[in-house]
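Working notes, structure below.
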Amino acid sequence: MDTPGITALLSTTATALLSTTATALLSTTATTLLSTTATTLLSSSTALPPSEGEEPTPEDEERVSSQALLILVSLLIAALLTSYYLQRWRIRTVHETVLSIFAGMAVGLVLRFSTGSYIKRIVTFDHTVFFNMLLPPIILNCGYNL
């Protein structure tokens with residue numbers, strides 16, 4: 001009998017099974033997290049958000065800010081969980097950055113098709129914040145590491 005061949009076959013089968021189990025667990029966790037966030041966003045309050053020309057009340061601002069914070073924290077928790085499970089089970093087929101990008105895209109789709117325009121304005125990408133606050137430390141770190 002070819003013992004190394006059987007061992008390699010069992011190892012390949014176990015790796016494939018573990019990879020599919022990890023993918024199913026990660027997708028279940030991400031789906032639960034996204035559905036909780038979407039449910040919170042869509043059924044948060046009976047008060048209508050202000051229209052484009054109106055100034056929002058402080059209560060509406062606070063509610064929408066807390067929803068934006070919930071989205072951010074949910075994405076961070078999902079990224080941490082996926083990173084943990086990918087490292088724990090030594091899954092090398094997909095990088096954790098790719099999963100984080102897809103989770104962000106899914107949340108972006110939920111936000112784009114939701115009814116509130118005020119929350120869209122809060123979580124919209126601001127290029128001045130990126131260029132003035134986030135990009136300089138990245139460039140300085142790259143220059144320091146040369």
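We name chains A, B, ... following the order of the structure tokens; residues begin at 1 in each chain, and ligands are numbered from 1 as shown.
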Please give the complete set of residues from stretch 102-142 of chain A that DSSP, run on the backbone, assigns to helix (DSSP H, G or I), formatted as number ranges by chain.
A: 102-112, 118-122, 127-142
File of the preceding selection, N, CA and C atoms, as a compact mmCIF listing (two decimals), in the first residue's frame:
```
# COMPACT_ATOMS: atom_id res chain seq x y z
N PHE A 102 -15.56 42.78 0.20
CA PHE A 102 -16.89 42.29 -0.17
C PHE A 102 -17.93 42.63 0.90
N ALA A 103 -17.54 42.58 2.19
CA ALA A 103 -18.48 42.96 3.25
C ALA A 103 -18.83 44.44 3.13
N GLY A 104 -17.84 45.28 2.84
CA GLY A 104 -18.10 46.70 2.65
C GLY A 104 -18.98 46.97 1.45
N MET A 105 -18.77 46.19 0.39
CA MET A 105 -19.62 46.35 -0.80
C MET A 105 -21.06 45.96 -0.49
N ALA A 106 -21.24 44.90 0.29
CA ALA A 106 -22.60 44.46 0.64
C ALA A 106 -23.30 45.51 1.50
N VAL A 107 -22.59 46.08 2.47
CA VAL A 107 -23.19 47.12 3.30
C VAL A 107 -23.47 48.36 2.46
N GLY A 108 -22.58 48.68 1.52
CA GLY A 108 -22.81 49.80 0.62
C GLY A 108 -24.05 49.62 -0.23
N LEU A 109 -24.27 48.39 -0.70
CA LEU A 109 -25.49 48.11 -1.47
C LEU A 109 -26.75 48.27 -0.62
N VAL A 110 -26.69 47.81 0.62
CA VAL A 110 -27.84 47.96 1.51
C VAL A 110 -28.10 49.44 1.75
N LEU A 111 -27.05 50.23 1.96
CA LEU A 111 -27.23 51.66 2.18
C LEU A 111 -27.73 52.38 0.93
N ARG A 112 -27.25 51.97 -0.23
CA ARG A 112 -27.65 52.63 -1.47
C ARG A 112 -29.14 52.41 -1.74
N TYR A 118 -30.41 60.82 4.54
CA TYR A 118 -29.56 61.48 5.51
C TYR A 118 -28.40 60.58 5.93
N ILE A 119 -28.67 59.29 6.12
CA ILE A 119 -27.59 58.38 6.49
C ILE A 119 -26.61 58.20 5.34
N LYS A 120 -27.10 58.30 4.12
CA LYS A 120 -26.20 58.22 2.97
C LYS A 120 -25.23 59.39 2.97
N ARG A 121 -25.72 60.58 3.38
CA ARG A 121 -24.83 61.74 3.42
C ARG A 121 -23.79 61.60 4.52
N ILE A 122 -24.13 60.95 5.61
CA ILE A 122 -23.17 60.80 6.71
C ILE A 122 -22.06 59.82 6.35
N HIS A 127 -13.39 62.99 0.20
CA HIS A 127 -12.03 62.94 -0.31
C HIS A 127 -11.09 63.88 0.44
N THR A 128 -11.60 64.96 1.00
CA THR A 128 -10.70 65.86 1.74
C THR A 128 -10.19 65.21 3.02
N VAL A 129 -11.04 64.45 3.70
CA VAL A 129 -10.59 63.73 4.89
C VAL A 129 -9.54 62.70 4.51
N PHE A 130 -9.76 62.01 3.39
CA PHE A 130 -8.80 61.01 2.96
C PHE A 130 -7.45 61.64 2.64
N PHE A 131 -7.45 62.69 1.82
CA PHE A 131 -6.19 63.28 1.39
C PHE A 131 -5.48 64.05 2.50
N ASN A 132 -6.22 64.63 3.43
CA ASN A 132 -5.60 65.44 4.47
C ASN A 132 -5.27 64.68 5.74
N MET A 133 -6.01 63.60 6.04
CA MET A 133 -5.80 62.91 7.31
C MET A 133 -5.32 61.47 7.17
N LEU A 134 -5.77 60.74 6.16
CA LEU A 134 -5.42 59.33 6.06
C LEU A 134 -4.21 59.07 5.16
N LEU A 135 -4.07 59.80 4.09
CA LEU A 135 -2.99 59.55 3.15
C LEU A 135 -1.61 59.95 3.66
N PRO A 136 -1.43 61.10 4.33
CA PRO A 136 -0.08 61.46 4.78
C PRO A 136 0.59 60.44 5.69
N PRO A 137 -0.09 59.83 6.69
CA PRO A 137 0.59 58.80 7.49
C PRO A 137 1.00 57.58 6.66
N ILE A 138 0.21 57.24 5.64
CA ILE A 138 0.55 56.11 4.80
C ILE A 138 1.82 56.41 4.02
N ILE A 139 1.88 57.61 3.44
CA ILE A 139 3.06 57.99 2.66
C ILE A 139 4.29 58.10 3.56
N LEU A 140 4.14 58.69 4.74
CA LEU A 140 5.27 58.80 5.66
C LEU A 140 5.76 57.44 6.12
N ASN A 141 4.84 56.52 6.36
CA ASN A 141 5.23 55.16 6.77
C ASN A 141 6.00 54.46 5.64
N CYS A 142 5.55 54.63 4.41
CA CYS A 142 6.26 54.02 3.28
C CYS A 142 7.64 54.64 3.13
```
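The space between atom CA of A:Ala78 and atom CA of A:His95 spans 13.9 Å.
Taking atom CA of A:Ser100 and atom CA of A:Ala79 as endpoints, the distance between them is 5.7 Å.
For the atom pair formed by atom CA of A:Leu75 and atom CA of A:Phe125, the distance is 15.7 Å, given to one decimal.
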